[in-house]
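First the structure, in the form of structure tokens, and then the observations on it.
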Amino acid sequence: MVLGVLFIGSVAVPAPAQAAPHPWAPLPVNSCGEVGFDPLDRAPDPSAPPPPLVQVPPQIDIPIPVPQLTPVPVPDPPHDNTRIVADPLPADPCRNPCPDIRDTPKPETSKPEAPEDGESEAPDAPASGSGSGSAAGSSSGSGSGSGDPVKLPKIQLKPEIEPIPIPIPGGPGEPPQPAPPPVVHPAEPGPVAAPVAVPQVESVRLVEQVTGPGSPNRTDMRWQVDGTDLGLMWETKPGEVAVVFGDTFGKGWTPGGAGGDDEDWRSNVLAYSTDRNLYDGLTLDTMVQDSRCHAAELLGSRKLRNWETTTIPTSGFALGDRQYMSYMSVNRWSKIPGLWWTNYGGIAYSDDNGSTWVKDQHAKWENLFGLGRFQVAAMVPHGDHVYMFGTPNGRIGVIGLARVPKADVLNKSAYQYWVNGNWAPAAENMATPLVPGMASELSVRFDDESGQWQMSYLDSARGAIVLRTATEPQGTWTEPVTLVSTSDYPKAYGGFIHPWSTAQDLYFTLSEWDSYNVYLMHARLTPTA
């Protein structure tokens, strides 16, 4: 989320008007007594002591970039596809499946603090009226009263390594894949359909925390998934849904955003769910694992800034027994929230129901000069085609649309792009924007019951995750309606629709930056003609 007004070139992104916080409520607790997270903006605990009037950090670090030549062996080494057949989870949901690897921390035994020099050791002795030992709520003394001098923070220069990648010859990489034959489909008309009624949102509620400590799924204890985001979904086969997460961190991660490279970092992980009763939450049955109780990384990345920082899934779908996943190869994240640069957007496939994946070496949309229009894609099969809704890198781009015959989904030359009412070949960067305004992190599905398309995305200018509907993928799309406002969920992003949603009940995942975990949301919609 972007707070205040962020000027990017000539683009100003206003934050939503700040609403009053929701009433305080205790943090949620799962059935095992573990405390989770609450992404809703709430008032502070009324029973807690008030915070200091002036909060000054003890130290301010000023980052100083330090260029560092970094050799990068090329080509990429083969990805480790070690996999295990996971044991069933224990019948008792509070029993940890691998206590030898990860177990619930024992409660700490509180010990009386050793008295400082000159203090009385008697337990009933009154607190000193001066000095740093005064109670936080004391009305006398110099320890914390309003007359305290404000301590200025220490200013410190903090060197930050800025890698300058230097390609060098490496070992053998993945074997080369034969290029598909060129296929050029001639231009065809693609007229827009008449608009439908704007969807009406009756209510939106937070159903449950899906991942992380304190979640009912207990992903930290079961699969070493402590912090993660996204949670995009598709139906792999009848009765089963894949749930794919982005950058994932395990033991050592603490709340406050994404973790570090020494906190069991995996660029992406995949879970399976057969839960059809979403009203009370989304149960994850298992995850793809490379060792006991450890979620495996599906698509490898070099984890080197300015080369390839990570690979992030953006959508998935199934055609027959093969699973497909679109992803973006991230060159680097910007220090400005909401901006990043990609190397390319690509497609990977799996022939073992999502356990191991192959990055197709030819189904790539390169990000030449940072202008690629299809870097972050949401792909949906429908009828004879697979439709690809795409945005550039970052959160300030517009939505483009392409389509391809299902048999040619890995053949980039076979794609047609929607340009001024026609499906045109080889027109990637000329695609007509589907809707006005900025969009990112698209999620699209076709609802068989209503015969309408549903599209959700983060609109940074509105400060909201919004929903639009249409009868054709090229539109006409309705005006956006708000599903989640960042004034209620201050650092929310994502908004990936569950494939078993309906025209009336829209279930979607929400990510929140500070807790860096995933939540299930439910929007009740009024049926429209």
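Each chain of the structure tokens is named A, B, ... in the order shown, its residues numbered from 1; ligands are numbered from 1 in display order.
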
Where does segment 325-412 of chain A meet segment 441-465 of chain A within 7 Å, residue by residue, with the nearest atom pair and distance in Å to one decimal for each, counting only C-alpha atoms, listed by chain and rising number, as a Markdown table?
| residue | atom | partner | partner_atom | distance |
| --- | --- | --- | --- | --- |
| A:Ala378 | CA | A:Ser443 | CA | 6.0 |
| A:Val380 | CA | A:Arg445 | CA | 6.7 |
| A:Arg395 | CA | A:Ser460 | CA | 6.9 |

Mind checking which residues fall within 9 Å of segment 362-375 of chain A, counting only C-alpha atoms, ignoring those fewer than 3 positions away in the same chain, and posting them as an NGL selection string? :A and (177-180 or 327-329 or 341-348 or 359 or 388-393 or 397-401 or 409-412 or 428-431)

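Note that the spacing between atom CA of Tyr417 of chain A and atom CA of Pro436 of chain A amounts to 17.6 Å.
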
Let's see if you can do this: from backbone DSSP, list all strand (DSSP E) residues in segment 429-490 of chain A, as a VMD selection string. chain A and resid 440 to 447 452 to 459 464 to 470 481 to 485

Take the residues that were just selected and, keeping N, CA, C and O atoms, output them as a compact mmCIF listing (two decimals), in the first residue's frame.
# COMPACT_ATOMS: atom_id res chain seq x y z
N SER A 440 -3.42 -4.07 -10.61
CA SER A 440 -2.34 -5.03 -10.37
C SER A 440 -2.91 -6.24 -9.66
O SER A 440 -4.00 -6.19 -9.08
N GLU A 441 -2.16 -7.33 -9.71
CA GLU A 441 -2.53 -8.59 -9.04
C GLU A 441 -3.95 -9.01 -9.41
O GLU A 441 -4.85 -9.13 -8.59
N LEU A 442 -4.12 -9.26 -10.70
CA LEU A 442 -5.43 -9.64 -11.23
C LEU A 442 -5.81 -11.05 -10.81
O LEU A 442 -4.97 -11.93 -10.67
N SER A 443 -7.11 -11.25 -10.67
CA SER A 443 -7.68 -12.59 -10.51
C SER A 443 -8.97 -12.62 -11.31
O SER A 443 -9.82 -11.72 -11.15
N VAL A 444 -9.12 -13.61 -12.19
CA VAL A 444 -10.27 -13.66 -13.09
C VAL A 444 -10.84 -15.07 -13.11
O VAL A 444 -10.09 -16.05 -13.11
N ARG A 445 -12.17 -15.16 -13.12
CA ARG A 445 -12.83 -16.45 -13.29
C ARG A 445 -14.10 -16.25 -14.10
O ARG A 445 -14.65 -15.14 -14.15
N PHE A 446 -14.56 -17.34 -14.74
CA PHE A 446 -15.84 -17.32 -15.43
C PHE A 446 -16.84 -18.08 -14.59
O PHE A 446 -16.59 -19.22 -14.17
N ASP A 447 -17.98 -17.44 -14.31
CA ASP A 447 -19.01 -18.06 -13.48
C ASP A 447 -20.06 -18.72 -14.38
O ASP A 447 -20.78 -18.03 -15.11
N GLN A 452 -21.21 -14.96 -16.50
CA GLN A 452 -20.45 -13.72 -16.45
C GLN A 452 -19.03 -13.96 -15.97
O GLN A 452 -18.76 -14.90 -15.22
N TRP A 453 -18.13 -13.09 -16.43
CA TRP A 453 -16.77 -13.06 -15.95
C TRP A 453 -16.69 -12.20 -14.70
O TRP A 453 -17.36 -11.15 -14.61
N GLN A 454 -15.87 -12.62 -13.75
CA GLN A 454 -15.59 -11.83 -12.55
C GLN A 454 -14.10 -11.53 -12.53
O GLN A 454 -13.27 -12.42 -12.72
N MET A 455 -13.76 -10.27 -12.31
CA MET A 455 -12.36 -9.85 -12.27
C MET A 455 -12.13 -8.98 -11.04
O MET A 455 -12.80 -7.96 -10.85
N SER A 456 -11.20 -9.40 -10.20
CA SER A 456 -10.82 -8.58 -9.04
C SER A 456 -9.36 -8.17 -9.21
O SER A 456 -8.57 -8.86 -9.84
N TYR A 457 -9.02 -7.01 -8.63
CA TYR A 457 -7.63 -6.54 -8.68
C TYR A 457 -7.45 -5.42 -7.68
O TYR A 457 -8.43 -4.84 -7.16
N LEU A 458 -6.19 -5.12 -7.40
CA LEU A 458 -5.86 -4.01 -6.53
C LEU A 458 -5.78 -2.73 -7.36
O LEU A 458 -5.00 -2.65 -8.30
N ASP A 459 -6.62 -1.76 -7.00
CA ASP A 459 -6.61 -0.45 -7.64
C ASP A 459 -5.92 0.50 -6.67
O ASP A 459 -6.52 0.98 -5.71
N ALA A 464 -8.07 0.29 -2.93
CA ALA A 464 -9.08 -0.76 -2.71
C ALA A 464 -8.83 -1.94 -3.63
O ALA A 464 -8.27 -1.80 -4.72
N ILE A 465 -9.26 -3.10 -3.18
CA ILE A 465 -9.41 -4.27 -4.04
C ILE A 465 -10.83 -4.22 -4.58
O ILE A 465 -11.79 -4.13 -3.80
N VAL A 466 -10.96 -4.25 -5.89
CA VAL A 466 -12.26 -4.00 -6.52
C VAL A 466 -12.69 -5.20 -7.36
O VAL A 466 -11.88 -6.09 -7.68
N LEU A 467 -13.98 -5.18 -7.73
CA LEU A 467 -14.57 -6.24 -8.55
C LEU A 467 -15.27 -5.62 -9.74
O LEU A 467 -15.97 -4.61 -9.61
N ARG A 468 -15.08 -6.22 -10.92
CA ARG A 468 -15.83 -5.86 -12.13
C ARG A 468 -16.39 -7.15 -12.73
O ARG A 468 -15.84 -8.24 -12.51
N THR A 469 -17.46 -7.02 -13.53
CA THR A 469 -18.03 -8.19 -14.21
C THR A 469 -18.32 -7.83 -15.66
O THR A 469 -18.45 -6.65 -16.03
N ALA A 470 -18.40 -8.88 -16.51
CA ALA A 470 -18.68 -8.71 -17.93
C ALA A 470 -19.16 -10.04 -18.49
O ALA A 470 -18.95 -11.10 -17.88
N VAL A 481 -16.57 -2.02 -8.17
CA VAL A 481 -17.15 -1.90 -6.83
C VAL A 481 -16.10 -2.38 -5.83
O VAL A 481 -15.34 -3.31 -6.10
N THR A 482 -16.07 -1.75 -4.68
CA THR A 482 -15.04 -2.05 -3.69
C THR A 482 -15.38 -3.33 -2.92
O THR A 482 -16.50 -3.50 -2.42
N LEU A 483 -14.41 -4.22 -2.85
CA LEU A 483 -14.50 -5.38 -1.99
C LEU A 483 -13.82 -5.13 -0.65
O LEU A 483 -14.37 -5.42 0.41
N VAL A 484 -12.61 -4.60 -0.71
CA VAL A 484 -11.81 -4.32 0.49
C VAL A 484 -11.15 -2.97 0.33
O VAL A 484 -10.52 -2.71 -0.70
N SER A 485 -11.29 -2.13 1.33
CA SER A 485 -10.63 -0.83 1.31
C SER A 485 -9.39 -0.88 2.19
O SER A 485 -9.41 -1.48 3.28

Looking at only C-alpha atoms, which of A:Ala187, A:Ile497, A:Ala48, A:Ile166 is the one that sits closest to Asn420 of chain A? A:Ala187
